[in-house]
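Colleague: Contents of data-v5.pdb (PDB, C-alpha atoms) are given next:
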```pdb
ATOM      1  CA  MET A 118     144.737  88.854  74.266
ATOM      2  CA  ILE A 119     144.253  85.121  74.752
ATOM      3  CA  ILE A 120     141.219  83.317  73.337
ATOM      4  CA  CYS A 121     140.204  80.038  74.977
ATOM      5  CA  ARG A 122     137.618  77.857  73.278
ATOM      6  CA  THR A 123     137.745  74.902  75.652
ATOM      7  CA  LYS A 124     137.319  74.479  79.398
ATOM      8  CA  GLU A 125     140.723  72.806  79.595
ATOM      9  CA  ALA A 126     142.492  75.724  77.943
ATOM     10  CA  LEU A 127     140.682  78.181  80.193
ATOM     11  CA  ARG A 128     141.582  76.264  83.346
ATOM     12  CA  THR A 129     145.240  76.183  82.306
ATOM     13  CA  GLU A 130     145.330  79.955  81.840
ATOM     14  CA  ILE A 131     143.478  80.628  85.098
ATOM     15  CA  LYS A 132     145.850  78.381  87.064
ATOM     16  CA  THR A 133     148.797  80.284  85.628
ATOM     17  CA  LYS A 134     147.330  83.664  86.555
ATOM     18  CA  LYS A 135     146.436  82.482  90.048
ATOM     19  CA  ALA A 136     149.929  81.048  90.563
ATOM     20  CA  GLU A 137     151.341  84.462  89.688
ATOM     21  CA  GLY A 138     149.189  85.982  92.444
ATOM     22  CA  LYS A 139     147.068  88.016  90.044
ATOM     23  CA  SER A 140     143.514  89.065  90.819
ATOM     24  CA  ILE A 141     140.763  88.287  88.300
ATOM     25  CA  GLY A 142     137.777  90.389  87.289
ATOM     26  CA  PHE A 143     135.141  88.583  85.231
ATOM     27  CA  VAL A 144     132.555  89.923  82.797
ATOM     28  CA  PRO A 145     130.134  87.233  81.534
ATOM     29  CA  THR A 146     128.299  88.129  78.298
ATOM     30  CA  MET A 147     126.360  86.606  75.433
ATOM     31  CA  GLY A 148     128.423  88.589  72.946
ATOM     32  CA  TYR A 149     127.557  91.231  70.371
ATOM     33  CA  LEU A 150     129.325  93.602  72.697
ATOM     34  CA  HIS A 151     128.110  97.144  73.173
ATOM     35  CA  GLU A 152     129.017 100.075  75.363
ATOM     36  CA  GLY A 153     127.237  98.555  78.347
ATOM     37  CA  HIS A 154     129.502  95.503  78.273
ATOM     38  CA  LEU A 155     132.566  97.663  77.744
ATOM     39  CA  HIS A 156     131.635  99.748  80.776
ATOM     40  CA  LEU A 157     131.723  96.554  82.843
ATOM     41  CA  VAL A 158     135.133  95.731  81.359
ATOM     42  CA  GLU A 159     136.342  99.226  82.224
ATOM     43  CA  GLN A 160     135.372  98.785  85.862
ATOM     44  CA  ALA A 161     136.956  95.325  86.016
ATOM     45  CA  ARG A 162     140.109  96.655  84.338
ATOM     46  CA  ALA A 163     140.441  99.415  86.941
ATOM     47  CA  GLU A 164     140.215  96.971  89.835
ATOM     48  CA  HIS A 165     142.036  93.812  88.724
ATOM     49  CA  ASP A 166     145.266  92.499  87.251
ATOM     50  CA  VAL A 167     143.468  90.224  84.791
ATOM     51  CA  VAL A 168     140.135  90.750  83.032
ATOM     52  CA  VAL A 169     138.315  87.689  81.710
ATOM     53  CA  LEU A 170     135.319  88.063  79.394
ATOM     54  CA  SER A 171     133.107  85.175  78.349
ATOM     55  CA  ILE A 172     131.024  85.089  75.162
ATOM     56  CA  PHE A 173     128.382  82.382  75.178
ATOM     57  CA  VAL A 174     124.789  82.466  73.980
ATOM     58  CA  ASN A 175     123.308  80.172  76.600
ATOM     59  CA  PRO A 176     120.446  78.066  75.203
ATOM     60  CA  LEU A 177     119.216  77.087  78.666
ATOM     61  CA  GLN A 178     117.890  80.582  79.343
ATOM     62  CA  PHE A 179     115.843  80.819  76.133
ATOM     63  CA  GLY A 180     112.298  79.482  75.985
ATOM     64  CA  PRO A 181     110.890  77.581  72.968
ATOM     65  CA  ASN A 182     109.316  80.697  71.469
ATOM     66  CA  GLU A 183     112.120  83.133  72.269
ATOM     67  CA  ASP A 184     114.846  84.663  70.110
ATOM     68  CA  LEU A 185     117.755  82.210  70.479
ATOM     69  CA  ASP A 186     118.257  81.872  66.715
ATOM     70  CA  ARG A 187     117.859  85.616  66.121
ATOM     71  CA  TYR A 188     120.241  86.645  68.900
ATOM     72  CA  PRO A 189     122.991  88.650  67.135
ATOM     73  CA  ARG A 190     126.421  87.059  66.876
ATOM     74  CA  ASP A 191     129.644  88.549  65.483
ATOM     75  CA  PHE A 192     132.745  87.125  67.123
ATOM     76  CA  GLU A 193     135.274  89.000  64.958
ATOM     77  CA  ARG A 194     133.688  92.281  65.995
ATOM     78  CA  ASP A 195     133.544  91.173  69.649
ATOM     79  CA  GLU A 196     137.183  90.116  69.544
ATOM     80  CA  ARG A 197     138.251  93.528  68.265
ATOM     81  CA  LEU A 198     136.181  95.413  70.849
ATOM     82  CA  ALA A 199     137.410  93.225  73.690
ATOM     83  CA  MET A 200     141.036  93.751  72.680
ATOM     84  CA  GLU A 201     140.556  97.515  72.423
ATOM     85  CA  ALA A 202     138.924  97.553  75.869
ATOM     86  CA  GLY A 203     141.876  95.808  77.490
ATOM     87  CA  VAL A 204     140.454  92.330  78.040
ATOM     88  CA  ASP A 205     143.206  89.817  78.790
ATOM     89  CA  LEU A 206     141.347  86.573  78.138
ATOM     90  CA  VAL A 207     138.202  85.715  76.180
ATOM     91  CA  PHE A 208     136.388  82.444  76.846
ATOM     92  CA  TYR A 209     134.413  81.542  73.710
ATOM     93  CA  PRO A 210     133.039  77.998  74.013
ATOM     94  CA  THR A 211     130.524  76.140  71.867
ATOM     95  CA  VAL A 212     127.274  74.783  73.270
ATOM     96  CA  GLU A 213     128.784  71.295  73.068
ATOM     97  CA  GLU A 214     131.772  72.425  75.096
ATOM     98  CA  MET A 215     129.604  73.875  77.850
ATOM     99  CA  TYR A 216     126.986  71.118  77.850
ATOM    100  CA  PRO A 217     128.667  67.984  76.475
ATOM    101  CA  ASP A 218     126.345  65.494  78.170
ATOM    102  CA  GLU A 219     122.862  65.235  79.574
ATOM    103  CA  PRO A 220     123.201  66.770  83.053
ATOM    104  CA  SER A 221     122.750  64.553  86.091
ATOM    105  CA  LEU A 222     121.327  67.419  88.163
ATOM    106  CA  ALA A 223     119.446  70.665  87.658
ATOM    107  CA  ILE A 224     119.639  74.070  89.315
ATOM    108  CA  HIS A 225     116.263  75.478  90.288
ATOM    109  CA  VAL A 226     115.903  79.050  91.533
ATOM    110  CA  LYS A 227     113.058  79.137  94.067
ATOM    111  CA  LYS A 228     112.791  82.806  95.046
ATOM    112  CA  GLY A 229     112.585  86.038  93.072
ATOM    113  CA  THR A 230     111.644  84.329  89.806
ATOM    114  CA  ASP A 231     107.839  84.502  89.756
ATOM    115  CA  VAL A 232     107.894  88.254  89.112
ATOM    116  CA  LEU A 233     109.271  90.518  86.371
ATOM    117  CA  CYS A 234     110.919  88.500  83.568
ATOM    118  CA  GLY A 235     110.651  85.258  85.476
ATOM    119  CA  ALA A 236     106.846  85.336  85.474
ATOM    120  CA  SER A 237     106.619  85.038  81.686
ATOM    121  CA  ARG A 238     109.817  83.060  81.176
ATOM    122  CA  PRO A 239     109.573  79.871  83.239
ATOM    123  CA  GLY A 240     112.964  78.253  83.653
ATOM    124  CA  HIS A 241     114.846  81.309  82.408
ATOM    125  CA  PHE A 242     116.647  81.992  85.661
ATOM    126  CA  ASP A 243     117.358  78.303  86.161
ATOM    127  CA  GLY A 244     119.313  78.550  82.913
ATOM    128  CA  VAL A 245     121.005  81.771  83.976
ATOM    129  CA  ALA A 246     122.024  80.333  87.347
ATOM    130  CA  THR A 247     123.315  77.146  85.723
ATOM    131  CA  VAL A 248     125.604  78.846  83.231
ATOM    132  CA  VAL A 249     126.818  81.500  85.679
ATOM    133  CA  LEU A 250     127.673  78.865  88.268
ATOM    134  CA  LYS A 251     129.589  76.865  85.636
ATOM    135  CA  LEU A 252     131.442  79.983  84.541
ATOM    136  CA  PHE A 253     132.289  80.962  88.115
ATOM    137  CA  ASN A 254     133.736  77.498  88.701
ATOM    138  CA  LEU A 255     135.834  77.740  85.533
ATOM    139  CA  VAL A 256     137.065  81.338  85.837
ATOM    140  CA  GLN A 257     137.338  81.474  89.645
ATOM    141  CA  PRO A 258     137.100  85.264  89.661
ATOM    142  CA  ASP A 259     137.607  87.524  92.627
ATOM    143  CA  ASP A 260     134.849  89.841  91.361
ATOM    144  CA  ALA A 261     132.166  89.434  88.689
ATOM    145  CA  TYR A 262     130.544  92.435  87.025
ATOM    146  CA  PHE A 263     126.881  92.640  85.983
ATOM    147  CA  GLY A 264     124.798  95.470  84.581
ATOM    148  CA  MET A 265     121.743  96.657  86.475
ATOM    149  CA  LYS A 266     119.705  96.769  83.270
ATOM    150  CA  ASP A 267     118.676  93.266  84.290
ATOM    151  CA  ALA A 268     118.260  93.992  87.991
ATOM    152  CA  GLN A 269     116.367  90.746  88.559
ATOM    153  CA  GLN A 270     119.291  88.766  87.202
ATOM    154  CA  VAL A 271     121.655  90.633  89.519
ATOM    155  CA  ALA A 272     119.451  89.820  92.516
ATOM    156  CA  VAL A 273     119.172  86.127  91.571
ATOM    157  CA  ILE A 274     122.939  85.800  91.131
ATOM    158  CA  MET A 275     123.697  87.618  94.372
ATOM    159  CA  ASN A 276     121.337  85.261  96.193
ATOM    160  CA  MET A 277     122.963  82.231  94.540
ATOM    161  CA  VAL A 278     126.424  83.382  95.631
ATOM    162  CA  ARG A 279     125.150  83.852  99.181
ATOM    163  CA  ASP A 280     123.256  80.558  99.372
ATOM    164  CA  LEU A 281     126.045  78.424  97.863
ATOM    165  CA  ASN A 282     128.863  80.219  99.708
ATOM    166  CA  LEU A 283     130.671  81.036  96.478
ATOM    167  CA  ASP A 284     133.943  82.898  96.866
ATOM    168  CA  VAL A 285     133.175  85.726  94.456
ATOM    169  CA  ARG A 286     131.966  89.286  94.934
ATOM    170  CA  ILE A 287     129.148  90.471  92.668
ATOM    171  CA  VAL A 288     129.619  94.057  91.477
ATOM    172  CA  PRO A 289     126.385  95.643  90.179
ATOM    173  CA  CYS A 290     127.040  98.385  87.623
ATOM    174  CA  GLU A 291     124.653 101.110  86.502
ATOM    175  CA  THR A 292     122.838 100.727  83.194
ATOM    176  CA  VAL A 293     124.655 102.359  80.282
ATOM    177  CA  ARG A 294     122.340 104.308  78.024
ATOM    178  CA  GLU A 295     122.207 105.890  74.617
ATOM    179  CA  THR A 296     122.197 109.688  74.570
ATOM    180  CA  ASP A 297     118.390 109.622  74.328
ATOM    181  CA  GLY A 298     118.063 107.392  77.398
ATOM    182  CA  LEU A 299     117.453 103.991  75.796
ATOM    183  CA  ALA A 300     119.276 101.260  77.684
ATOM    184  CA  LYS A 301     122.102  99.733  75.664
ATOM    185  CA  SER A 302     121.216  96.224  74.513
ATOM    186  CA  SER A 303     122.328  93.784  71.856
ATOM    187  CA  ARG A 304     118.666  93.396  70.938
ATOM    188  CA  ASN A 305     118.233  97.075  70.002
ATOM    189  CA  VAL A 306     119.382  96.259  66.468
ATOM    190  CA  ASN A 307     116.085  94.409  65.992
ATOM    191  CA  LEU A 308     113.984  97.558  66.469
ATOM    192  CA  THR A 309     112.366  99.141  63.414
ATOM    193  CA  ALA A 310     113.139 102.808  62.737
ATOM    194  CA  GLU A 311     109.803 103.862  64.216
ATOM    195  CA  GLU A 312     110.251 101.670  67.282
ATOM    196  CA  ARG A 313     113.771 102.981  67.855
ATOM    197  CA  THR A 314     112.450 106.552  67.800
ATOM    198  CA  GLU A 315     109.852 105.935  70.499
ATOM    199  CA  ALA A 316     111.710 103.358  72.648
ATOM    200  CA  PRO A 317     113.477 105.995  74.826
ATOM    201  CA  LEU A 318     110.031 106.793  76.264
ATOM    202  CA  LEU A 319     110.306 103.542  78.241
ATOM    203  CA  TYR A 320     112.928 105.063  80.521
ATOM    204  CA  GLN A 321     111.522 108.591  80.396
ATOM    205  CA  THR A 322     108.207 107.307  81.748
ATOM    206  CA  LEU A 323     109.968 105.360  84.509
ATOM    207  CA  GLN A 324     111.664 108.600  85.512
ATOM    208  CA  GLU A 325     108.275 110.323  85.638
ATOM    209  CA  ALA A 326     106.956 107.562  87.910
ATOM    210  CA  LYS A 327     109.944 107.963  90.227
ATOM    211  CA  GLU A 328     109.291 111.697  90.415
ATOM    212  CA  ILE A 329     105.633 111.038  91.297
ATOM    213  CA  ILE A 330     106.813 108.879  94.194
ATOM    214  CA  LEU A 331     109.410 111.385  95.360
ATOM    215  CA  THR A 332     106.760 114.105  95.436
ATOM    216  CA  GLY A 333     104.453 112.120  97.695
ATOM    217  CA  GLU A 334     102.663 109.197  96.034
ATOM    218  CA  ARG A 335     102.957 106.030  98.116
ATOM    219  CA  GLU A 336     100.373 103.679  96.590
ATOM    220  CA  ALA A 337     102.109 101.197  94.294
ATOM    221  CA  ASP A 338      98.890 100.479  92.376
ATOM    222  CA  MET A 339      98.461 104.157  91.533
ATOM    223  CA  VAL A 340     101.985 104.416  90.135
ATOM    224  CA  ARG A 341     101.583 101.201  88.167
ATOM    225  CA  ALA A 342      98.299 102.438  86.674
ATOM    226  CA  TYR A 343     100.013 105.664  85.619
ATOM    227  CA  LEU A 344     102.781 103.742  83.857
ATOM    228  CA  LEU A 345     100.358 101.438  82.048
ATOM    229  CA  LYS A 346      98.287 104.384  80.806
ATOM    230  CA  GLN A 347     101.345 106.294  79.586
ATOM    231  CA  TYR A 348     102.790 103.304  77.739
ATOM    232  CA  GLU A 349      99.428 102.623  76.105
ATOM    233  CA  ASP A 350      99.156 106.231  74.932
ATOM    234  CA  ARG A 351     102.765 106.812  73.891
ATOM    235  CA  LEU A 352     104.086 103.552  72.450
ATOM    236  CA  SER A 353     103.069 101.221  69.617
ATOM    237  CA  GLY A 354     103.981  97.834  71.130
ATOM    238  CA  ASN A 355     102.605  95.936  74.106
ATOM    239  CA  VAL A 356     103.432  95.912  77.809
ATOM    240  CA  ASP A 357     104.696  92.562  79.049
ATOM    241  CA  TYR A 358     104.791  93.762  82.656
ATOM    242  CA  VAL A 359     105.031  96.873  84.789
ATOM    243  CA  GLU A 360     105.938  96.153  88.400
ATOM    244  CA  LEU A 361     106.901  97.879  91.640
ATOM    245  CA  LEU A 362     108.723  95.583  94.070
ATOM    246  CA  SER A 363     111.005  95.713  97.068
ATOM    247  CA  TYR A 364     114.666  95.341  96.137
ATOM    248  CA  PRO A 365     116.622  93.112  96.256
ATOM    249  CA  ASP A 366     114.000  90.834  97.808
ATOM    250  CA  LEU A 367     111.704  91.292  94.778
ATOM    251  CA  GLU A 368     108.572  91.068  96.912
ATOM    252  CA  PRO A 369     105.268  92.701  95.851
ATOM    253  CA  ILE A 370     104.440  95.894  97.744
ATOM    254  CA  LYS A 371     101.308  97.930  98.332
ATOM    255  CA  THR A 372     102.897 100.866 100.081
ATOM    256  CA  ILE A 373     106.093 102.293  98.602
ATOM    257  CA  LYS A 374     108.914 102.506 101.148
ATOM    258  CA  GLY A 375     112.593 101.651 101.488
ATOM    259  CA  THR A 376     114.476 100.481  98.407
ATOM    260  CA  VAL A 377     112.236  99.668  95.456
ATOM    261  CA  ILE A 378     112.499  98.740  91.817
ATOM    262  CA  ILE A 379     110.174 100.102  89.143
ATOM    263  CA  ALA A 380     110.528  97.796  86.166
ATOM    264  CA  VAL A 381     109.048  97.410  82.686
ATOM    265  CA  ALA A 382     109.247  94.825  79.945
ATOM    266  CA  TYR A 383     107.896  95.866  76.567
ATOM    267  CA  ARG A 384     107.335  93.878  73.389
ATOM    268  CA  TYR A 385     107.841  95.292  69.933
ATOM    269  CA  SER A 386     107.469  93.446  66.627
ATOM    270  CA  ALA A 387     110.769  91.552  66.852
ATOM    271  CA  VAL A 388     112.273  92.401  70.222
ATOM    272  CA  ARG A 389     111.460  92.529  73.915
ATOM    273  CA  LEU A 390     113.046  95.391  75.862
ATOM    274  CA  ILE A 391     113.493  95.681  79.625
ATOM    275  CA  ASP A 392     114.373  98.635  81.810
ATOM    276  CA  ASN A 393     114.163  99.658  85.445
ATOM    277  CA  ILE A 394     114.932 102.222  88.097
ATOM    278  CA  VAL A 395     116.114 101.184  91.557
ATOM    279  CA  PHE A 396     116.114 103.827  94.273
ATOM    280  CA  THR A 397     115.717 104.285  98.011
ATOM    281  CA  LEU A 398     112.969 106.378  99.521
ATOM    282  CA  ASN A 399     114.413 108.038 102.601
ATOM    283  CA  GLU A 400     111.747 109.257 104.983
ATOM    284  CA  GLY A 401     111.888 110.396 108.568
TER     285      GLY A 401
END
```
Would you encode the structure as structure tokens?
Modeller:
Amino acid sequence: MIICRTKEALRTEIKTKKAEGKSIGFVPTMGYLHEGHLHLVEQARAEHDVVVLSIFVNPLQFGPNEDLDRYPRDFERDERLAMEAGVDLVFYPTVEEMYPDEPSLAIHVKKGTDVLCGASRPGHFDGVATVVLKLFNLVQPDDAYFGMKDAQQVAVIMNMVRDLNLDVRIVPCETVRETDGLAKSSRNVNLTAEERTEAPLLYQTLQEAKEIILTGEREADMVRAYLLKQYEDRLSGNVDYVELLSYPDLEPIKTIKGTVIIAVAYRYSAVRLIDNIVFTLNEG
């Protein structure tokens, strides 16, 4: 497995692979790899000659009061897991390598950012779009793999690829979960023992809301009220948001129809968790 720490080294390796006619699958991450990341690698490995994985904690997508400094980092562990998973090339740059100078332009995401995580994290998806675009330009992948745990991020990136005519296919992959249903996340290590015990109720309650819809409820406000009440009664933290939106347009809805996302963000003492269910209501 090759480790590149500079853009120049990465470009050299990519040019070699491309010259050999090899296809490239790309998995961008912020490190502290878990089973969710490795599931993305597994899918990329099955479909491509070369699998590239990036590890970069991107400061542009963290707000001033968010957990940039607390975000877990362990490159030796990540290196071992990546090698075991069959990654061919790891791109592991420093912040200075990725952002060596004051930028002369800025990427601003205009749609799909004033809801869900974007509503409470102004500029977050600008930072996501910036780093993903830079990585796409460096890696030049055929396909890029993203987990649906952050379904809003997937939608934003898909829209960016469409709008900028990027030559890469976005492959959304289902959320990988613990046996009790909690979505895999690097941030789960920051949960207290009590919080970890109750956190699976986030997804369980989303499943209950989906079942309510499938059995006839069509008013989005009614479903949202149910979720808020259940989270208040069952969990010890605080709801950041509970939303029902069209997907992938991420538009507010009153009547539930077509493809929708039910999403929650929940704050515990030292961590913010997100989860969602995306499904299509087939009627008539």
Colleague: Using only C-alpha atoms, pick whichever of A:Asp280, A:Asp297, A:Glu368, A:Asp205 has the shortest atom-to-atom distance to Val168 in chain A.
Modeller: A:Asp205
Colleague: What are the closest atom pairs, with distances in Å to one decimal, for each residue of range 197-251 of chain A lying within 12 Å of range 139-146 of chain A, using only C-alpha atoms, rows by chain and rising residue number, as CSV?
Modeller:
```
residue,atom,partner,partner_atom,distance
A:Ala199,CA,A:Val144,CA,10.8
A:Gly203,CA,A:Gly142,CA,11.9
A:Val204,CA,A:Val144,CA,9.5
A:Asp205,CA,A:Ile141,CA,9.9
A:Leu206,CA,A:Phe143,CA,9.6
A:Val207,CA,A:Val144,CA,9.7
A:Phe208,CA,A:Pro145,CA,9.2
A:Tyr209,CA,A:Thr146,CA,10.1
A:Pro210,CA,A:Thr146,CA,12.0
A:Val245,CA,A:Pro145,CA,10.9
A:Val248,CA,A:Pro145,CA,9.7
A:Val249,CA,A:Pro145,CA,7.8
A:Leu250,CA,A:Pro145,CA,11.0
A:Lys251,CA,A:Pro145,CA,11.2
```
Colleague: Can you work out which one of A:Val278, A:Val388, A:Met147, A:Ala268 has the shortest atom-to-atom distance to Thr292 in chain A, counting all atoms listed in the file?
Modeller: A:Ala268
Colleague: Starting from the point (122.4, 106.0, 76.7), work out which residues of protein, DNA or RNA have an atom no more than 12 Å away when counting only C-alpha atoms; state them as number ranges by chain.
Modeller: A: 151-153, 156, 266, 291-302, 305, 316-317, 320-321
Colleague: Using all atoms listed in the file, which of the listed residues (A:Ala272, A:Leu323, A:Leu308, A:Val169) sits closest to Met118 in chain A?
Modeller: A:Val169
Colleague: Within 9 Å of range 253-259 of chain A, which residues of range 279-314 of chain A show up? Give each one with its shortest atom-to-atom distance in Å (one decimal) and the two atoms involved, counting all atoms listed in the file, rows by chain then rising residue number, as a tab-separated table.
Modeller:
```
residue	atom	partner	partner_atom	distance
A:Leu283	CA	A:Phe253	CA	8.5
A:Asp284	CA	A:Asp259	CA	7.3
A:Val285	CA	A:Asp259	CA	5.1
A:Arg286	CA	A:Asp259	CA	6.3
A:Ile287	CA	A:Asp259	CA	9.0
```
Colleague: Would you mind telling me which residue in A:Arg238, A:Arg384, A:Arg335, A:Lys135 lies nearest to Leu352 in chain A when using only C-alpha atoms?
Modeller: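 Of the candidates, the smallest distance to Leu352 in chain A is held by A:Arg384.
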Colleague: Which is closer to Asp243 in chain A than all the others in A:Asp366, A:Glu328, A:Asp231, A:Glu336, using only C-alpha atoms?
Modeller: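 The shortest atom-to-atom distance to Asp243 in chain A comes from A:Asp231.
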Colleague: Please measure the separation of CA of Pro176 in chain A and CA of His241 in chain A, giving the value in Å to one decimal.
Modeller: 9.7 Å
Colleague: Could you tell me which of A:Ala126, A:Met277, A:Ala163, A:Leu157 comes closest to Gly229 in chain A if we count all atoms listed in the file?
Modeller: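 Smallest separation from Gly229 in chain A among the options: A:Met277.
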Colleague: If the PyMOL selection byres ((chain A and resi 363-365) around 8) were run on this exact file, what residues would it hold? Put them as a PyMOL selection string.
Modeller: chain A and resi 272+361-362+366-370+375-378+395
Colleague: Evaluate the PyMOL selection byres ((chain A and resi 233) around 7) and record the selected residues as a list in words, following the chain and residue labels used in the document.
Modeller: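 Taken on the displayed file, the PyMOL selection byres ((chain A and resi 233) around 7) yields the residues Val232, Cys234, Gly235, Ala236, Tyr358 and Glu360 of chain A.
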Colleague: Export, as a PDB file, in the coordinates of the input, the selected residues with C-alpha atoms.
Modeller:
```pdb
ATOM      1  CA  VAL A 232     107.894  88.254  89.112  1.00  0.00           C
ATOM      2  CA  CYS A 234     110.919  88.500  83.568  1.00  0.00           C
ATOM      3  CA  GLY A 235     110.651  85.258  85.476  1.00  0.00           C
ATOM      4  CA  ALA A 236     106.846  85.336  85.474  1.00  0.00           C
ATOM      5  CA  TYR A 358     104.791  93.762  82.656  1.00  0.00           C
ATOM      6  CA  GLU A 360     105.938  96.153  88.400  1.00  0.00           C
TER       7      GLU A 360
END
```
Colleague: Evaluated on this file, the PyMOL selection byres ((chain A and resi 347) around 12) picks out some residues - which ones are they, written as a PyMOL selection string?
Modeller: chain A and resi 318-323+325-326+340-346+348-353+355-356+359
Colleague: Each side padded by 8 Å, which centre and which edge lengths in Å (one decimal) define the axis-aligned box around the listed atoms of range 200-210 of chain A? Give them as AutoDock Vina command-line options.
Modeller:
```
--center_x 138.1 --center_y 87.8 --center_z 75.6 --size_x 26.2 --size_y 35.6 --size_z 22.4
```
Colleague: Between CA of Met265 in chain A and CA of Asp357 in chain A, what is the distance in Å, rounded to a tenth?
Modeller: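 Separation of CA of Met265 in chain A and CA of Asp357 in chain A: 19.0 Å.
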Colleague: Please, what distance in Å, to one decimal, runs between CA of Met339 in chain A and CA of Phe396 in chain A?
Modeller: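 We find that CA of Met339 in chain A and CA of Phe396 in chain A lie 17.9 Å from each other.
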